[in-house]
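Following: one structure in structure tokens, then a few remarks.
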Amino acid sequence: MAWVEPHRSGYRVRFRLPDGRVATDGTHPTRTAAKARAADIETDQRRDIFINPDDGRITLREWVEIWTEAHDVGAATWERYRSHLELHILPRFGDIPLNAITRMAVKAWVKDLSRRRASATVASILNLMSMLMNEAVEERRIPLNPCRRVRNAVPPRPERPWATTEQVAAVAARLNPPNRALVITAAYTGMRWGELAGLRRPNCKLDDARIHVDPVHGALHEVGGHLSLGPPKTPAAVRDILLPPFLVNLLREHLTTHDHEHAFIGRDGGLLRRSSFHRRTWRPAVDGNPTKKVSPIVPGMHFHDLRHTHKTWLIEDEVPEAAQAKRLGHRLPGIRGIYSHVSATVEKRLVDGLQRRWSKTAPQTGPSAGDNL
């Protein structure tokens with residue numbers, strides 16, 4: 001129910017909320033304009049689409065506090081959200097009411113960010129801002145998302161490098177035995193860094209020739225410099241990964257070299273840290289060392305590119321897409337994900353193909369050049 005009242009030099013529209021309280025929509029210069037607005041309010045109330053202007057008058061900072069209490073993501077994602085909020089979003093919009101944030105203001109902000117930050121970073125910040133405003137729309141605090149159709153110019157992603165079996169063997173040959181086992185396991189399973197760093201002995205089911213990625217403690221997460229075990233990246237990442245015979249033997253031998261609960265550990269006997277491994281071990285192995293006349297193997301390749309490498313090998317071996325997705329911890333979208341299944345025959349063919357690759361290109365396991373070339 002809505003009605004019009006004289007107010008100072010104009011007319012204001014009043015309406016009743018579902019809980020019986022009376023609220024004010026705004027003031028209009030003429031009775032006709034006020035009556036038209038009152039009619040709109042009554043129509044929206046009957047259609048159950050009415051948005052109370054008072055609900056949009058809280059600031060973005062206040063809305064973030066409400067949203068944070070309800071939103072649930074992993075620790076690493078929260079760390080990224082926190083950084084975006086504290087450095088970029090709240091300094092610009094934190095003290096502005098939700099219903100006062102305009103699309104033009106967002107466009108100008110994105111334009112300014114694009115001058116100071118990489119396109120991928122700007123896209124990540126904008127995505128979070130848009131998520132916050134979409135949630136406000138869903139809660140009927142504002143009618144439209146001011147981030148709608150705001151885009152920053154994101155250049156096409158360059159294709160990531162991948163390695164042949166010969167190149168993986170060459171990289172592994174440059175490493176000491178523990179790191180050699182880590183790299184070979186990554187290349188021949190497609191496991192993520194966190195899954196490998198978090199792999200514990202009980203989940204190395206070597207008698208069954210498989211590795212189990214645990215749903216509760218299946219990945220090592222590094223957030224703000226702190227390491228902790230937690231769930232893997234997605235529910236689909238909880239899986240059993242079948243191992244070719246050579247990898248079973250390699251992991252058996254590797255696990256006899258230490259008594260730590262985790263399969264792969266750092267130099268000091270503690271948990272692996274991505275940045276240390278990247279700097280001390282991975283970069284020298286793939287990029288080489290010109291001062292020591294050590295040539296590069298796959299310059300610029302990231303450790304994560306071993307996942308791309310593994311998928312490329314599966315494609316070369318004509319492994320069905322469903323089997324690729326299952327092994328890599330992905331879920332196929334739509335109908336394909338519902339009706340595609342992976343039989344034991346397909347999995348055996350997949351593992352046999354990996355064994356053949358190894359047999360042709362196994363790295364020399366003699367003395368290595370070490371991890372600092």
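We label chains A, B, ... in the order they appear in the structure tokens, count residues from 1 in each chain, and number ligands from 1 in the order shown.
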Who sits within 9 Å of Pro320 (chain A), only C-alpha atoms, same chain under 5 positions skipped, as a VMD selection string = chain A and resid 314 to 315 325 342 346
Those residues with C-alpha atoms, as a PDB file, in the first residue's frame please?
```
ATOM      1  CA  LEU A 314      46.509 -37.992 -23.190  1.00  0.00           C
ATOM      2  CA  ILE A 315      45.187 -36.245 -26.303  1.00  0.00           C
ATOM      3  CA  ALA A 325      38.735 -34.948 -17.097  1.00  0.00           C
ATOM      4  CA  VAL A 342      35.218 -44.156 -17.726  1.00  0.00           C
ATOM      5  CA  VAL A 346      39.864 -47.157 -20.928  1.00  0.00           C
TER       6      VAL A 346
END
```
Residues near region 259-263 of chain A, anyone? I mean within 10 Å using only C-alpha atoms, not counting same-chain ones fewer than 2 positions away, as a short mmCIF file (atom, residue, chain, number, x, y, z; two decimals) with N, CA, C and O atoms, in the first residue's frame.
```cif
data_model
loop_
_atom_site.label_atom_id
_atom_site.label_comp_id
_atom_site.auth_asym_id
_atom_site.auth_seq_id
_atom_site.Cartn_x
_atom_site.Cartn_y
_atom_site.Cartn_z
N PRO A 178 65.09 -36.79 -5.04
CA PRO A 178 63.76 -36.45 -4.51
C PRO A 178 62.97 -35.52 -5.43
O PRO A 178 61.77 -35.74 -5.66
N ALA A 181 61.79 -37.31 -8.57
CA ALA A 181 60.57 -38.09 -8.35
C ALA A 181 59.34 -37.19 -8.36
O ALA A 181 58.29 -37.56 -8.91
N LEU A 182 59.45 -35.99 -7.79
CA LEU A 182 58.33 -35.04 -7.78
C LEU A 182 57.94 -34.63 -9.19
O LEU A 182 56.76 -34.65 -9.56
N LEU A 196 50.26 -32.49 -4.88
CA LEU A 196 51.55 -33.17 -4.73
C LEU A 196 52.21 -32.79 -3.40
O LEU A 196 52.71 -33.65 -2.67
N ALA A 197 52.23 -31.50 -3.09
CA ALA A 197 52.85 -31.04 -1.85
C ALA A 197 52.10 -31.56 -0.63
O ALA A 197 52.69 -31.73 0.45
N GLY A 198 50.81 -31.81 -0.78
CA GLY A 198 50.00 -32.32 0.34
C GLY A 198 49.86 -33.83 0.37
O GLY A 198 49.17 -34.37 1.26
N LEU A 199 50.46 -34.54 -0.59
CA LEU A 199 50.32 -35.99 -0.66
C LEU A 199 51.00 -36.65 0.53
O LEU A 199 52.18 -36.45 0.78
N ARG A 200 50.24 -37.47 1.26
CA ARG A 200 50.78 -38.15 2.43
C ARG A 200 50.89 -39.65 2.16
O ARG A 200 50.21 -40.20 1.28
N ARG A 201 51.72 -40.30 2.94
CA ARG A 201 51.97 -41.73 2.75
C ARG A 201 50.70 -42.59 2.71
O ARG A 201 50.58 -43.46 1.84
N PRO A 202 49.73 -42.38 3.63
CA PRO A 202 48.53 -43.23 3.59
C PRO A 202 47.76 -43.14 2.27
O PRO A 202 47.00 -44.05 1.94
N ASN A 203 47.93 -42.03 1.54
CA ASN A 203 47.21 -41.87 0.28
C ASN A 203 48.01 -42.35 -0.93
O ASN A 203 47.54 -42.24 -2.06
N CYS A 204 49.21 -42.86 -0.67
CA CYS A 204 49.98 -43.53 -1.73
C CYS A 204 49.62 -45.01 -1.71
O CYS A 204 50.26 -45.81 -1.02
N LEU A 251 58.01 -44.45 -6.85
CA LEU A 251 57.51 -43.91 -5.60
C LEU A 251 57.86 -44.82 -4.41
O LEU A 251 58.15 -44.33 -3.32
N HIS A 254 61.37 -43.96 -3.67
CA HIS A 254 61.46 -42.61 -3.13
C HIS A 254 61.05 -42.57 -1.66
O HIS A 254 61.69 -41.89 -0.83
N LEU A 255 59.99 -43.29 -1.31
CA LEU A 255 59.48 -43.24 0.07
C LEU A 255 60.41 -43.90 1.07
O LEU A 255 60.24 -43.72 2.28
N THR A 256 61.38 -44.68 0.60
CA THR A 256 62.36 -45.27 1.51
C THR A 256 63.47 -44.29 1.89
O THR A 256 64.27 -44.57 2.78
N THR A 257 63.51 -43.14 1.21
CA THR A 257 64.61 -42.20 1.45
C THR A 257 64.36 -41.26 2.63
O THR A 257 65.25 -40.51 3.02
N ILE A 265 58.98 -33.63 0.19
CA ILE A 265 59.35 -32.66 1.21
C ILE A 265 60.46 -31.75 0.70
O ILE A 265 61.10 -32.02 -0.32
N GLY A 269 63.71 -30.92 5.10
CA GLY A 269 62.88 -31.96 5.69
C GLY A 269 61.49 -31.50 6.05
O GLY A 269 60.69 -32.27 6.59
N GLY A 270 61.16 -30.23 5.75
CA GLY A 270 59.83 -29.71 6.03
C GLY A 270 58.94 -29.77 4.80
O GLY A 270 59.29 -30.38 3.77
N LEU A 271 57.78 -29.12 4.88
CA LEU A 271 56.83 -29.13 3.77
C LEU A 271 57.35 -28.29 2.62
O LEU A 271 58.11 -27.34 2.80
N LEU A 272 56.94 -28.66 1.43
CA LEU A 272 57.35 -27.93 0.22
C LEU A 272 56.69 -26.55 0.16
O LEU A 272 55.51 -26.40 0.48
#
```
inquiry  = Using only C-alpha atoms, which protein or nucleic acid residues come within 12 Å of Glu159 (chain A)? Drop anything in the same chain fewer than 4 positions from it, and give the result as JSON, numbers by chain.
reply    = {"A": [300, 301, 305, 308]}
task = Find the residues around region 225-227 of chain A up to 10 Å (only C-alpha atoms counted), leave out those fewer than 2 positions away in its own chain, and share them as a VMD selection string.
result = chain A and resid 198 220 to 223 229 to 230 271 to 273
Counting only C-alpha atoms, the residue of A:Met191, A:Ala76, A:Cys147, A:Ala105 that sits nearest Lys311 (chain A) =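 Checking each of A:Met191, A:Ala76, A:Cys147, A:Ala105 against Lys311 (chain A), counting only C-alpha atoms, the winner is A:Met191.
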request  = Could you give me, as an MDAnalysis selection string, the residues within 10 Å of region 15-23 of chain A, counting only C-alpha atoms and dropping anything in the same chain fewer than 3 positions from it?
outcome  = chainID A and resid 1:4 26 38 41:42 45 52:54
inquiry  = Please extract the residues of region 5-244 of chain A with a backbone DSSP assignment of helix (DSSP H, G or I) and present them as a ChimeraX atom specification.
reply    = /A:31-46,53-56,60-70,75-93,98-100,103-116,119-138,165-173,177-189,193-197,201-203,206-208,235-237
